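*Asks:* What follows is structure11.csv, made up of CSV, C-alpha atoms:
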```
chain,number,residue,atom,x,y,z
A,1,MET,CA,-29.1,12.0,31.8
A,2,ASN,CA,-27.8,8.5,32.4
A,3,THR,CA,-24.1,8.4,33.1
A,4,ALA,CA,-23.6,5.9,30.3
A,5,GLN,CA,-24.9,8.5,27.9
A,6,LYS,CA,-22.7,11.4,29.0
A,7,SER,CA,-20.4,12.7,26.3
A,8,SER,CA,-17.7,14.0,28.6
A,9,LYS,CA,-14.4,13.5,27.0
A,10,SER,CA,-10.9,13.3,28.3
A,11,ALA,CA,-7.6,13.4,26.6
A,12,ALA,CA,-6.3,9.9,26.0
A,13,ALA,CA,-3.6,8.8,28.4
A,14,ALA,CA,-0.1,8.2,27.2
A,15,PRO,CA,0.5,4.7,25.9
A,16,PRO,CA,1.7,2.2,28.5
A,17,ASP,CA,5.5,1.5,28.7
A,18,GLY,CA,6.8,-0.4,25.7
A,19,PHE,CA,3.7,0.5,23.6
A,20,HIS,CA,3.5,2.7,20.6
A,21,ARG,CA,0.5,4.8,19.7
A,22,LEU,CA,-0.7,4.4,16.1
A,23,ALA,CA,-1.7,7.5,14.2
A,24,PRO,CA,-5.2,7.2,12.7
A,25,LYS,CA,-5.4,7.1,8.9
A,26,SER,CA,-7.9,9.9,9.1
A,27,SER,CA,-8.8,11.5,12.4
A,28,VAL,CA,-12.5,12.1,13.2
A,29,ARG,CA,-11.7,15.9,13.5
A,30,ARG,CA,-10.0,15.9,10.1
A,31,GLY,CA,-13.0,14.0,8.8
A,32,PHE,CA,-15.4,16.6,10.0
A,33,LEU,CA,-13.3,19.5,8.8
A,34,PHE,CA,-13.1,17.9,5.3
A,35,ALA,CA,-16.8,17.4,5.3
A,36,ALA,CA,-17.5,21.0,6.5
A,37,ILE,CA,-15.1,22.6,4.0
A,38,PHE,CA,-16.5,20.5,1.1
A,39,THR,CA,-20.1,21.2,2.0
A,40,THR,CA,-19.5,25.0,2.5
A,41,CYS,CA,-17.8,25.2,-1.0
A,42,TRP,CA,-20.7,23.2,-2.5
A,43,ILE,CA,-23.3,25.5,-1.0
A,44,GLY,CA,-21.3,28.6,-1.9
A,45,PHE,CA,-21.1,27.4,-5.5
A,46,PHE,CA,-24.9,26.8,-5.4
A,47,VAL,CA,-25.6,30.3,-4.1
A,48,LEU,CA,-23.3,32.0,-6.6
A,49,MET,CA,-24.9,30.1,-9.5
A,50,PHE,CA,-28.4,31.3,-8.5
A,51,ILE,CA,-27.2,34.9,-8.0
A,52,GLY,CA,-25.7,34.6,-11.6
A,53,TRP,CA,-29.0,33.4,-12.9
A,54,ASN,CA,-31.0,36.1,-11.2
A,55,ASN,CA,-28.7,38.8,-12.6
A,56,ALA,CA,-28.8,37.4,-16.1
A,57,ASP,CA,-30.8,39.0,-18.9
A,58,LYS,CA,-34.6,38.9,-18.5
A,59,GLY,CA,-34.8,36.9,-21.7
A,60,SER,CA,-32.6,34.0,-20.5
A,61,ALA,CA,-34.4,30.8,-19.4
A,62,PRO,CA,-34.5,30.0,-15.7
A,63,PRO,CA,-32.7,26.8,-14.6
A,64,PRO,CA,-34.8,23.7,-15.1
A,65,LEU,CA,-36.6,22.2,-12.1
A,66,TRP,CA,-34.8,18.9,-12.3
A,67,PHE,CA,-31.5,20.7,-12.1
A,68,ILE,CA,-32.5,22.6,-9.0
A,69,ALA,CA,-33.9,19.3,-7.5
A,70,LEU,CA,-30.6,17.5,-8.2
A,71,PHE,CA,-28.6,20.2,-6.6
A,72,GLY,CA,-30.9,20.3,-3.6
A,73,VAL,CA,-30.7,16.5,-3.0
A,74,ILE,CA,-26.9,16.6,-3.2
A,75,THR,CA,-26.8,19.5,-0.9
A,76,LEU,CA,-29.0,17.8,1.7
A,77,GLY,CA,-26.8,14.7,1.5
A,78,LEU,CA,-23.7,16.8,2.1
A,79,ILE,CA,-25.3,18.5,5.1
A,80,PHE,CA,-26.3,15.1,6.5
A,81,TRP,CA,-22.7,13.9,6.0
A,82,CYS,CA,-21.4,17.0,7.7
A,83,ILE,CA,-23.7,16.7,10.7
A,84,LYS,CA,-22.8,13.0,11.1
A,85,SER,CA,-19.1,13.8,11.0
A,86,PHE,CA,-19.6,16.5,13.6
A,87,LEU,CA,-21.5,14.2,15.9
A,88,ARG,CA,-18.8,11.5,15.4
A,89,TRP,CA,-16.2,14.0,16.4
A,90,THR,CA,-18.0,15.5,19.4
A,91,MET,CA,-20.0,12.5,20.7
A,92,THR,CA,-17.9,9.4,19.8
A,93,GLY,CA,-14.5,10.9,19.7
A,94,GLN,CA,-11.1,9.7,18.5
A,95,THR,CA,-10.4,6.0,19.3
A,96,THR,CA,-6.8,5.3,20.2
A,97,VAL,CA,-4.9,2.2,19.4
A,98,ASP,CA,-1.6,1.2,21.0
A,99,VAL,CA,0.6,-1.7,20.0
A,100,ASN,CA,3.5,-3.4,21.6
A,101,THR,CA,5.9,-2.9,18.7
A,102,ALA,CA,6.6,-0.2,16.1
A,103,SER,CA,6.6,-2.8,13.3
A,104,ALA,CA,4.6,-6.0,13.3
A,105,ILE,CA,6.6,-9.1,12.3
A,106,PRO,CA,5.0,-12.0,10.4
A,107,GLY,CA,4.7,-15.1,12.6
A,108,GLU,CA,4.8,-13.1,15.8
A,109,THR,CA,2.1,-11.9,18.2
A,110,LEU,CA,1.0,-8.3,18.1
A,111,GLU,CA,-0.6,-6.9,21.3
A,112,VAL,CA,-3.3,-4.4,20.6
A,113,LEU,CA,-4.8,-2.0,23.1
A,114,VAL,CA,-8.0,-0.1,22.2
A,115,SER,CA,-9.1,3.0,24.2
A,116,GLN,CA,-12.1,5.2,23.7
A,117,PRO,CA,-12.7,8.7,25.1
A,118,GLY,CA,-16.1,9.7,26.6
A,119,GLN,CA,-18.4,7.7,28.8
A,120,PHE,CA,-21.0,5.6,27.0
A,121,ALA,CA,-22.0,2.0,26.3
A,122,ILE,CA,-20.7,0.4,23.2
A,123,ASP,CA,-23.1,-2.2,21.8
A,124,ASN,CA,-20.6,-3.9,19.6
A,125,CYS,CA,-16.9,-3.4,19.0
A,126,ASN,CA,-15.0,-5.4,16.3
A,127,VAL,CA,-11.2,-5.1,16.0
A,128,ASP,CA,-9.5,-6.6,12.9
A,129,LEU,CA,-6.1,-6.6,11.4
A,130,VAL,CA,-6.6,-6.0,7.7
A,131,CYS,CA,-4.4,-5.9,4.6
A,132,GLN,CA,-5.4,-3.4,2.0
A,133,GLU,CA,-4.2,-2.9,-1.5
A,134,SER,CA,-4.4,0.5,-3.2
A,135,ALA,CA,-3.6,1.1,-6.8
A,136,THR,CA,-3.6,4.5,-8.5
A,137,TYR,CA,-4.2,4.8,-12.2
A,138,THR,CA,-5.0,7.4,-14.8
A,139,ALA,CA,-8.3,7.2,-16.6
A,140,GLY,CA,-8.4,9.9,-19.3
A,141,THR,CA,-7.5,13.1,-17.5
A,142,ASP,CA,-8.5,11.8,-14.1
A,143,THR,CA,-6.3,10.0,-11.6
A,144,GLU,CA,-8.1,7.5,-9.6
A,145,THR,CA,-7.2,5.2,-6.7
A,146,LYS,CA,-8.9,1.8,-6.2
A,147,THR,CA,-8.6,0.1,-2.8
A,148,GLU,CA,-9.5,-3.3,-1.7
A,149,ILE,CA,-9.2,-5.2,1.6
A,150,VAL,CA,-7.6,-8.5,0.6
A,151,ARG,CA,-7.1,-10.1,4.0
A,152,THR,CA,-8.9,-9.8,7.4
A,153,ILE,CA,-7.6,-11.3,10.6
A,154,PRO,CA,-10.1,-10.9,13.5
A,155,VAL,CA,-8.5,-9.6,16.7
A,156,CYS,CA,-11.6,-9.5,18.8
A,157,GLU,CA,-15.4,-9.0,18.9
A,158,LEU,CA,-16.8,-7.4,22.0
A,159,THR,CA,-20.4,-6.7,23.0
A,160,GLY,CA,-21.7,-4.6,25.9
A,161,VAL,CA,-18.5,-2.8,26.8
A,162,THR,CA,-18.3,0.7,28.2
A,163,ALA,CA,-16.0,3.5,27.2
A,164,ALA,CA,-14.6,5.1,30.4
A,165,ASN,CA,-12.9,8.3,29.7
A,166,GLY,CA,-10.0,7.0,27.6
A,167,GLN,CA,-9.5,3.8,29.6
A,168,THR,CA,-8.5,0.7,27.7
A,169,ILE,CA,-11.6,-1.1,26.6
A,170,THR,CA,-9.7,-4.2,25.3
A,171,ARG,CA,-6.2,-5.6,25.3
A,172,GLN,CA,-5.8,-8.5,22.8
A,173,GLY,CA,-3.0,-10.4,21.1
A,174,VAL,CA,-3.2,-11.3,17.4
A,175,LEU,CA,-0.8,-13.6,15.5
A,176,VAL,CA,0.4,-11.9,12.4
A,177,PRO,CA,0.3,-14.6,9.8
A,178,ALA,CA,3.7,-16.1,8.9
A,179,ASP,CA,2.9,-15.7,5.2
A,180,ALA,CA,1.8,-12.0,5.5
A,181,MET,CA,2.9,-9.8,2.7
A,182,LEU,CA,5.1,-7.0,4.0
A,183,SER,CA,4.0,-3.4,3.9
A,184,PHE,CA,4.8,-1.9,0.5
A,185,ASN,CA,4.6,1.6,-0.8
A,186,SER,CA,5.6,2.8,-4.3
A,187,SER,CA,4.4,5.8,-6.3
A,188,ASN,CA,1.2,4.2,-7.5
A,189,ASN,CA,0.8,0.9,-5.6
A,190,LYS,CA,0.5,0.3,-1.9
A,191,ILE,CA,0.0,-2.7,0.3
A,192,GLU,CA,-0.9,-1.5,3.8
A,193,TRP,CA,-1.7,-3.3,7.0
A,194,LEU,CA,-4.3,-1.6,9.3
A,195,ILE,CA,-5.9,-2.1,12.6
A,196,ARG,CA,-9.6,-1.5,11.9
A,197,VAL,CA,-11.9,-0.6,14.9
A,198,LYS,CA,-15.6,-0.7,14.2
A,199,MET,CA,-18.1,0.3,16.9
A,200,THR,CA,-21.8,0.3,17.0
A,201,ILE,CA,-23.1,2.7,19.7
A,202,THR,CA,-26.7,3.4,20.7
A,203,ARG,CA,-27.9,7.0,19.9
A,204,ARG,CA,-24.5,7.9,18.5
A,205,PRO,CA,-23.0,7.6,15.0
A,206,ASP,CA,-21.3,4.3,14.4
A,207,SER,CA,-17.6,4.5,14.1
A,208,GLU,CA,-15.1,2.9,11.8
A,209,GLN,CA,-11.5,4.0,12.3
A,210,LEU,CA,-8.3,2.7,10.6
A,211,PHE,CA,-4.8,2.7,12.1
A,212,PRO,CA,-1.9,1.9,9.7
A,213,ILE,CA,0.8,-0.4,11.1
A,214,ARG,CA,4.0,-1.4,9.3
A,215,VAL,CA,4.5,-5.1,8.8
A,216,LEU,CA,8.2,-5.9,8.2
A,217,SER,CA,10.4,-8.9,8.4
A,218,ARG,CA,12.6,-9.4,11.4
A,219,GLN,CA,15.7,-9.0,9.1
A,220,ILE,CA,14.4,-5.6,7.9
A,221,VAL,CA,13.7,-4.4,11.5
A,222,GLU,CA,17.1,-5.5,12.6
A,223,THR,CA,18.8,-3.8,9.6
A,224,GLU,CA,16.8,-0.6,10.3
A,225,ALA,CA,17.8,-0.7,14.0
A,226,ALA,CA,21.5,-1.2,13.1
A,227,ASN,CA,21.4,1.7,10.6
A,228,HIS,CA,19.8,4.0,13.2
A,229,GLY,CA,22.5,3.1,15.8
B,1,MET,CA,19.1,-4.8,-33.9
B,2,ALA,CA,19.2,-8.1,-31.9
B,3,ASP,CA,22.6,-9.4,-33.1
B,4,LEU,CA,23.8,-10.6,-29.7
B,5,ASN,CA,22.6,-13.7,-27.9
B,6,LEU,CA,22.1,-13.1,-24.3
B,7,LEU,CA,21.7,-15.7,-21.6
B,8,ILE,CA,21.4,-15.7,-17.8
B,9,ASP,CA,21.9,-19.0,-15.9
B,10,LEU,CA,21.2,-19.1,-12.2
B,11,THR,CA,23.0,-21.7,-10.1
B,12,PRO,CA,21.0,-23.3,-8.5
B,13,GLU,CA,17.8,-22.5,-10.3
B,14,LEU,CA,15.2,-22.4,-7.5
B,15,PRO,CA,11.5,-21.9,-7.6
B,16,VAL,CA,11.8,-19.4,-4.7
B,17,TYR,CA,14.7,-17.3,-3.5
B,18,GLU,CA,15.1,-16.3,0.1
B,19,PRO,CA,15.5,-12.5,0.7
B,20,GLY,CA,18.9,-11.6,1.9
B,21,THR,CA,20.6,-14.7,0.5
B,22,GLN,CA,23.2,-14.8,-2.4
B,23,LEU,CA,22.0,-15.2,-5.9
B,24,LYS,CA,24.7,-16.8,-8.1
B,25,GLY,CA,24.8,-17.4,-11.7
B,26,GLU,CA,26.5,-16.7,-15.0
B,27,VAL,CA,25.8,-14.5,-18.0
B,28,THR,CA,26.8,-15.4,-21.5
B,29,ILE,CA,26.8,-13.2,-24.5
B,30,THR,CA,27.6,-14.6,-27.9
B,31,SER,CA,28.2,-12.4,-31.0
B,32,PRO,CA,27.9,-14.2,-34.3
B,33,SER,CA,29.5,-11.2,-36.0
B,34,GLY,CA,32.7,-11.3,-34.0
B,35,ALA,CA,34.3,-9.2,-31.3
B,36,TRP,CA,32.6,-5.9,-30.4
B,37,LYS,CA,33.0,-2.9,-28.1
B,38,ALA,CA,30.7,-2.5,-25.2
B,39,GLU,CA,29.3,0.7,-23.9
B,40,HIS,CA,28.1,-1.2,-20.9
B,41,ILE,CA,27.0,-4.6,-19.7
B,42,GLU,CA,25.0,-4.5,-16.6
B,43,LEU,CA,23.2,-7.1,-14.5
B,44,VAL,CA,20.2,-5.6,-12.7
B,45,LEU,CA,18.0,-7.1,-10.1
B,46,PHE,CA,14.7,-5.2,-10.2
B,47,TRP,CA,11.0,-5.4,-9.4
B,48,ARG,CA,8.0,-4.3,-11.4
B,49,THR,CA,4.4,-3.9,-10.5
B,50,SER,CA,1.5,-4.9,-12.7
B,51,GLY,CA,-2.3,-4.8,-12.3
B,52,ILE,CA,-4.8,-2.1,-12.3
B,53,GLY,CA,-2.4,0.6,-11.0
B,54,THR,CA,0.2,2.6,-13.0
B,55,ARG,CA,3.3,0.5,-13.3
B,56,ASP,CA,6.1,1.1,-10.7
B,57,THR,CA,9.6,-0.3,-10.9
B,58,GLY,CA,12.5,-0.4,-8.5
B,59,VAL,CA,16.1,-1.6,-8.6
B,60,GLY,CA,17.3,-4.0,-5.8
B,61,ALA,CA,20.9,-4.3,-6.9
B,62,SER,CA,23.0,-3.8,-10.0
B,63,LEU,CA,26.4,-5.0,-11.1
B,64,GLN,CA,28.6,-3.6,-13.9
B,65,LEU,CA,30.1,-6.5,-15.7
B,66,CYS,CA,32.6,-4.5,-17.8
B,67,GLU,CA,34.3,-1.1,-18.2
B,68,LYS,CA,33.0,1.3,-20.9
B,69,GLY,CA,34.8,0.7,-24.2
B,70,THR,CA,36.0,-2.8,-23.3
B,71,GLU,CA,36.4,-5.1,-26.3
B,72,ILE,CA,34.2,-8.1,-25.9
B,73,GLN,CA,35.2,-11.4,-27.5
B,74,PRO,CA,32.5,-13.3,-29.6
B,75,HIS,CA,31.9,-15.5,-26.6
B,76,PHE,CA,31.7,-13.6,-23.4
B,77,SER,CA,30.9,-15.3,-20.1
B,78,ARG,CA,31.0,-13.8,-16.6
B,79,ALA,CA,30.0,-15.3,-13.3
B,80,PHE,CA,28.1,-13.1,-10.8
B,81,GLU,CA,27.0,-13.1,-7.2
B,82,VAL,CA,24.6,-10.5,-5.7
B,83,THR,CA,22.8,-10.3,-2.4
B,84,LEU,CA,19.1,-10.5,-2.8
B,85,PRO,CA,17.1,-7.6,-1.3
B,86,LEU,CA,15.0,-8.0,1.7
B,87,HIS,CA,12.0,-6.3,0.3
B,88,PRO,CA,9.5,-6.2,-1.4
B,89,TYR,CA,8.5,-9.9,-1.7
B,90,SER,CA,7.1,-11.2,-4.9
B,91,TYR,CA,3.3,-10.9,-4.6
B,92,ASN,CA,0.2,-11.8,-6.5
B,93,GLY,CA,-2.7,-9.9,-5.1
B,94,ARG,CA,-6.1,-8.7,-6.3
B,95,LEU,CA,-5.1,-5.3,-7.5
B,96,ILE,CA,-1.3,-5.5,-7.4
B,97,LYS,CA,1.3,-7.9,-8.6
B,98,ILE,CA,4.9,-7.5,-7.8
B,99,ASP,CA,7.4,-9.5,-9.9
B,100,TRP,CA,11.2,-9.7,-9.5
B,101,TYR,CA,13.5,-10.1,-12.5
B,102,VAL,CA,17.2,-10.6,-13.1
B,103,GLY,CA,17.9,-8.4,-16.1
B,104,LEU,CA,20.9,-8.2,-18.4
B,105,ARG,CA,21.3,-4.9,-20.2
B,106,VAL,CA,23.8,-4.6,-22.9
B,107,LYS,CA,24.6,-1.4,-24.8
B,108,LYS,CA,26.8,-1.8,-27.8
B,109,GLY,CA,26.5,1.7,-29.3
B,110,TRP,CA,24.1,4.5,-29.7
B,111,LEU,CA,21.4,2.5,-31.3
B,112,SER,CA,22.2,-1.0,-30.3
B,113,LYS,CA,20.7,-1.9,-26.9
B,114,GLN,CA,19.6,-5.3,-25.9
B,115,GLU,CA,18.0,-6.6,-22.7
B,116,ILE,CA,16.7,-9.8,-21.3
B,117,GLU,CA,14.8,-10.5,-18.2
B,118,PHE,CA,14.7,-13.7,-16.1
B,119,PRO,CA,11.8,-13.8,-13.6
B,120,ILE,CA,12.5,-15.0,-10.1
B,121,GLN,CA,10.3,-15.4,-7.0
B,122,LEU,CA,11.6,-13.6,-4.0
B,123,ARG,CA,10.0,-14.4,-0.7
B,124,PRO,CA,10.6,-16.5,2.4
B,125,ALA,CA,10.2,-20.2,1.8
B,126,ALA,CA,7.9,-20.4,4.8
B,127,SER,CA,5.3,-18.3,3.0
B,128,ASP,CA,5.4,-20.4,-0.1
B,129,ALA,CA,2.5,-22.8,0.5
B,130,ALA,CA,0.1,-20.2,1.7
B,131,PHE,CA,1.1,-17.8,-1.1
B,132,ALA,CA,0.4,-20.4,-3.8
B,133,GLY,CA,-2.8,-21.5,-2.1
B,134,ALA,CA,-4.2,-18.1,-1.6
B,135,HIS,CA,-3.2,-16.4,-4.8
B,136,GLY,CA,-2.4,-19.2,-7.2
B,137,ALA,CA,1.0,-20.5,-8.0
B,138,VAL,CA,3.2,-18.4,-10.3
B,139,GLY,CA,4.7,-20.3,-13.1
B,140,PHE,CA,8.3,-20.2,-14.1
B,141,GLY,CA,9.4,-19.8,-17.7
B,142,THR,CA,12.6,-20.1,-19.6
B,143,THR,CA,16.1,-19.8,-18.4
B,144,SER,CA,16.7,-16.8,-20.6
B,145,GLY,CA,13.8,-14.4,-20.8
B,146,GLY,CA,12.8,-12.8,-24.0
B,147,ILE,CA,14.5,-10.0,-25.7
B,148,ILE,CA,12.7,-6.7,-25.2
```
Can you present the structure in this file as structure tokens?
*Replies:*
Amino acid sequence: MNTAQKSSKSAAAAPPDGFHRLAPKSSVRRGFLFAAIFTTCWIGFFVLMFIGWNNADKGSAPPPLWFIALFGVITLGLIFWCIKSFLRWTMTGQTTVDVNTASAIPGETLEVLVSQPGQFAIDNCNVDLVCQESATYTAGTDTETKTEIVRTIPVCELTGVTAANGQTITRQGVLVPADAMLSFNSSNNKIEWLIRVKMTITRRPDSEQLFPIRVLSRQIVETEAANHG
Amino acid sequence: MADLNLLIDLTPELPVYEPGTQLKGEVTITSPSGAWKAEHIELVLFWRTSGIGTRDTGVGASLQLCEKGTEIQPHFSRAFEVTLPLHPYSYNGRLIKIDWYVGLRVKKGWLSKQEIEFPIQLRPAASDAAFAGAHGAVGFGTTSGGII
């Protein structure tokens, strides 16, 4: 096996002095667990339904073929999703993003460090600072959330880089726009800034991970600092 | 019953107000039916979201303009000064819109409650051009919002 294809992983090193590690919006491990639990519940439901049909009175009609086919297709899709999440967790791993400030300030430069566990070649890596709106609303008895990325500020686009056991793969500065809307979070509406890291990797699942970062005005940051002594 | 005339005047009246600065103005309440007793007269600086999501509101500052049970003359006028909040900025996005208002809430008795809202824009002046260019300028209406 080529060294570039090894999947050995190492714990990500602590962030450099003066840097803060951003928590992922959803970790790859949590993503896999969610997929696994959902898929298991779905298959369990499928099995219980068929046991119920088999134990029903002889006179009752068997489930129609289209119904079985539909359930089967959905089940296969879920298994595929589960396997992909598992491979993303075990083969690609959790990207880490460190930034030089706990809160980004409009008009100032934000330094971004991206690290990747494992040892493999990354074909393409795009890092962006994005602004996403999320609105939650009620439709009938359901509560739904719609999200949309409304602004994208490219941080960097890399090709042919190598992940080296959690070492930094890129260190870039990005200017937070002076007219950037500040992070906002109310019960049903949210404006969120995220560092988005997208990777295309040969023979491994592609990866897209999001890391929320607060964007606040200097006045708010100073007020918060004063309030916290 | 809308028997009071409510008015909010901001001095100066600006297209955009800078967060953290002082907002000054005067409220005027006229009562054609003579003097009356107020349950409360309150000036409220608040924001409200609109758009696809369920509406959220928040209060940035509020000011009581009289004591409960105060007799108010037919022509009542009171100057005010409040510090504008730092956050959130007025915003006009794709899914979410955040609007700020200066509101005057008057309660005369159990059943008599009147309110007016005066929309303001709260954001740093530096972001003005980009905001208008990216999201479309927000128009400004009357000096004394509608009775709701």
*Asks:* Select, as a list of chain:residue names, those residues of chain A with any atom no more than 9 Å from chain B (distances computed using all atoms listed in the file).
*Replies:*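 Filtering chain A at 9 Å from chain B with all atoms listed in the file gives A:Glu133, A:Ser134, A:Ala135, A:Thr136, A:Tyr137, A:Thr138, A:Thr145, A:Lys146, A:Thr147, A:Glu148, A:Val150, A:Ala178, A:Asp179, A:Ala180, A:Met181, A:Leu182, A:Ser183, A:Phe184, A:Ser186, A:Ser187, A:Asn188, A:Asn189, A:Lys190, A:Ile191, A:Leu216, A:Ser217, A:Gln219, A:Ile220.
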*Asks:* Go ahead and find all residues with at least one atom no further than 8 Å from (1.8, 1.0, 22.8) in the file's coordinates, using only C-alpha atoms; report them as an mmCIF file with C-alpha atoms, in the coordinates of the input.
*Replies:*
```
data_model
loop_
_atom_site.group_PDB
_atom_site.id
_atom_site.type_symbol
_atom_site.label_atom_id
_atom_site.label_comp_id
_atom_site.auth_asym_id
_atom_site.auth_seq_id
_atom_site.Cartn_x
_atom_site.Cartn_y
_atom_site.Cartn_z
ATOM 1 C CA PRO A 15 0.500 4.700 25.900
ATOM 2 C CA PRO A 16 1.700 2.200 28.500
ATOM 3 C CA ASP A 17 5.500 1.500 28.700
ATOM 4 C CA GLY A 18 6.800 -0.400 25.700
ATOM 5 C CA PHE A 19 3.700 0.500 23.600
ATOM 6 C CA HIS A 20 3.500 2.700 20.600
ATOM 7 C CA ARG A 21 0.500 4.800 19.700
ATOM 8 C CA LEU A 22 -0.700 4.400 16.100
ATOM 9 C CA VAL A 97 -4.900 2.200 19.400
ATOM 10 C CA ASP A 98 -1.600 1.200 21.000
ATOM 11 C CA VAL A 99 0.600 -1.700 20.000
ATOM 12 C CA ASN A 100 3.500 -3.400 21.600
ATOM 13 C CA THR A 101 5.900 -2.900 18.700
ATOM 14 C CA VAL A 112 -3.300 -4.400 20.600
ATOM 15 C CA LEU A 113 -4.800 -2.000 23.100
#
```
*Asks:* Could you jot down the atom CA of Phe71 of chain A to atom CA of Gly44 of chain A separation for me, Å, one decimal place?
*Replies:*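 Rounded to one decimal, the two atoms are 12.1 Å apart.
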*Asks:* Please measure the separation of atom CA of Pro212 of chain A and atom CA of Arg196 of chain A, giving the value in Å to one decimal.
*Replies:*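 Spanning atom CA of Pro212 of chain A to atom CA of Arg196 of chain A is a straight-line distance of 8.7 Å.
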*Asks:* Which distance in Å separates atom CA of Trp66 of chain A and atom CA of Phe80 of chain A, to one decimal?
*Replies:*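 Interatomic distance here is 21.0 Å.
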*Asks:* Considering all atoms listed in the file, can you say which of A:Met91, A:Ile195, A:Met49, A:Val215 comes closest to Pro63 of chain A?
*Replies:* A:Met49
*Asks:* Excluding same-chain residues fewer than 2 positions from Leu43 of chain B, what lies within 6 Å of it counting only C-alpha atoms, as a PDB file with C-alpha atoms, in the coordinates of the input?
*Replies:*
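Saved the output as around05.pdb:
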```
ATOM      1  CA  SER B  62      23.000  -3.800 -10.000  1.00  0.00           C
ATOM      2  CA  LEU B  63      26.400  -5.000 -11.100  1.00  0.00           C
ATOM      3  CA  GLY B 103      17.900  -8.400 -16.100  1.00  0.00           C
ATOM      4  CA  LEU B 104      20.900  -8.200 -18.400  1.00  0.00           C
TER       5      LEU B 104
END
```
*Asks:* I want to know what sits within 9 Å of segment 70-84 of chain B, based on all atoms listed in the file, with residues of the same chain fewer than 2 positions away left out; could you give that as a PyMOL selection string?
*Replies:* chain B and resi 17-40+43+45+60-63+65-68+86-87+122
*Asks:* With C-alpha atoms retained, could you export that selection as a PDB file, in the coordinates of the input?
*Replies:*
```pdb
ATOM      1  CA  TYR B  17      14.700 -17.300  -3.500  1.00  0.00           C
ATOM      2  CA  GLU B  18      15.100 -16.300   0.100  1.00  0.00           C
ATOM      3  CA  PRO B  19      15.500 -12.500   0.700  1.00  0.00           C
ATOM      4  CA  GLY B  20      18.900 -11.600   1.900  1.00  0.00           C
ATOM      5  CA  THR B  21      20.600 -14.700   0.500  1.00  0.00           C
ATOM      6  CA  GLN B  22      23.200 -14.800  -2.400  1.00  0.00           C
ATOM      7  CA  LEU B  23      22.000 -15.200  -5.900  1.00  0.00           C
ATOM      8  CA  LYS B  24      24.700 -16.800  -8.100  1.00  0.00           C
ATOM      9  CA  GLY B  25      24.800 -17.400 -11.700  1.00  0.00           C
ATOM     10  CA  GLU B  26      26.500 -16.700 -15.000  1.00  0.00           C
ATOM     11  CA  VAL B  27      25.800 -14.500 -18.000  1.00  0.00           C
ATOM     12  CA  THR B  28      26.800 -15.400 -21.500  1.00  0.00           C
ATOM     13  CA  ILE B  29      26.800 -13.200 -24.500  1.00  0.00           C
ATOM     14  CA  THR B  30      27.600 -14.600 -27.900  1.00  0.00           C
ATOM     15  CA  SER B  31      28.200 -12.400 -31.000  1.00  0.00           C
ATOM     16  CA  PRO B  32      27.900 -14.200 -34.300  1.00  0.00           C
ATOM     17  CA  SER B  33      29.500 -11.200 -36.000  1.00  0.00           C
ATOM     18  CA  GLY B  34      32.700 -11.300 -34.000  1.00  0.00           C
ATOM     19  CA  ALA B  35      34.300  -9.200 -31.300  1.00  0.00           C
ATOM     20  CA  TRP B  36      32.600  -5.900 -30.400  1.00  0.00           C
ATOM     21  CA  LYS B  37      33.000  -2.900 -28.100  1.00  0.00           C
ATOM     22  CA  ALA B  38      30.700  -2.500 -25.200  1.00  0.00           C
ATOM     23  CA  GLU B  39      29.300   0.700 -23.900  1.00  0.00           C
ATOM     24  CA  HIS B  40      28.100  -1.200 -20.900  1.00  0.00           C
ATOM     25  CA  LEU B  43      23.200  -7.100 -14.500  1.00  0.00           C
ATOM     26  CA  LEU B  45      18.000  -7.100 -10.100  1.00  0.00           C
ATOM     27  CA  GLY B  60      17.300  -4.000  -5.800  1.00  0.00           C
ATOM     28  CA  ALA B  61      20.900  -4.300  -6.900  1.00  0.00           C
ATOM     29  CA  SER B  62      23.000  -3.800 -10.000  1.00  0.00           C
ATOM     30  CA  LEU B  63      26.400  -5.000 -11.100  1.00  0.00           C
ATOM     31  CA  LEU B  65      30.100  -6.500 -15.700  1.00  0.00           C
ATOM     32  CA  CYS B  66      32.600  -4.500 -17.800  1.00  0.00           C
ATOM     33  CA  GLU B  67      34.300  -1.100 -18.200  1.00  0.00           C
ATOM     34  CA  LYS B  68      33.000   1.300 -20.900  1.00  0.00           C
ATOM     35  CA  LEU B  86      15.000  -8.000   1.700  1.00  0.00           C
ATOM     36  CA  HIS B  87      12.000  -6.300   0.300  1.00  0.00           C
ATOM     37  CA  LEU B 122      11.600 -13.600  -4.000  1.00  0.00           C
TER      38      LEU B 122
END
```
*Asks:* List the neighbours of Val176 of chain A out to 12 Å using all atoms listed in the file; skip same-chain residues closer than 4 positions along the sequence, and give me the result as a VMD selection string.
*Replies:* chain A and resid 103 to 112 128 to 131 151 to 155 180 to 182 193 to 195 213 to 217
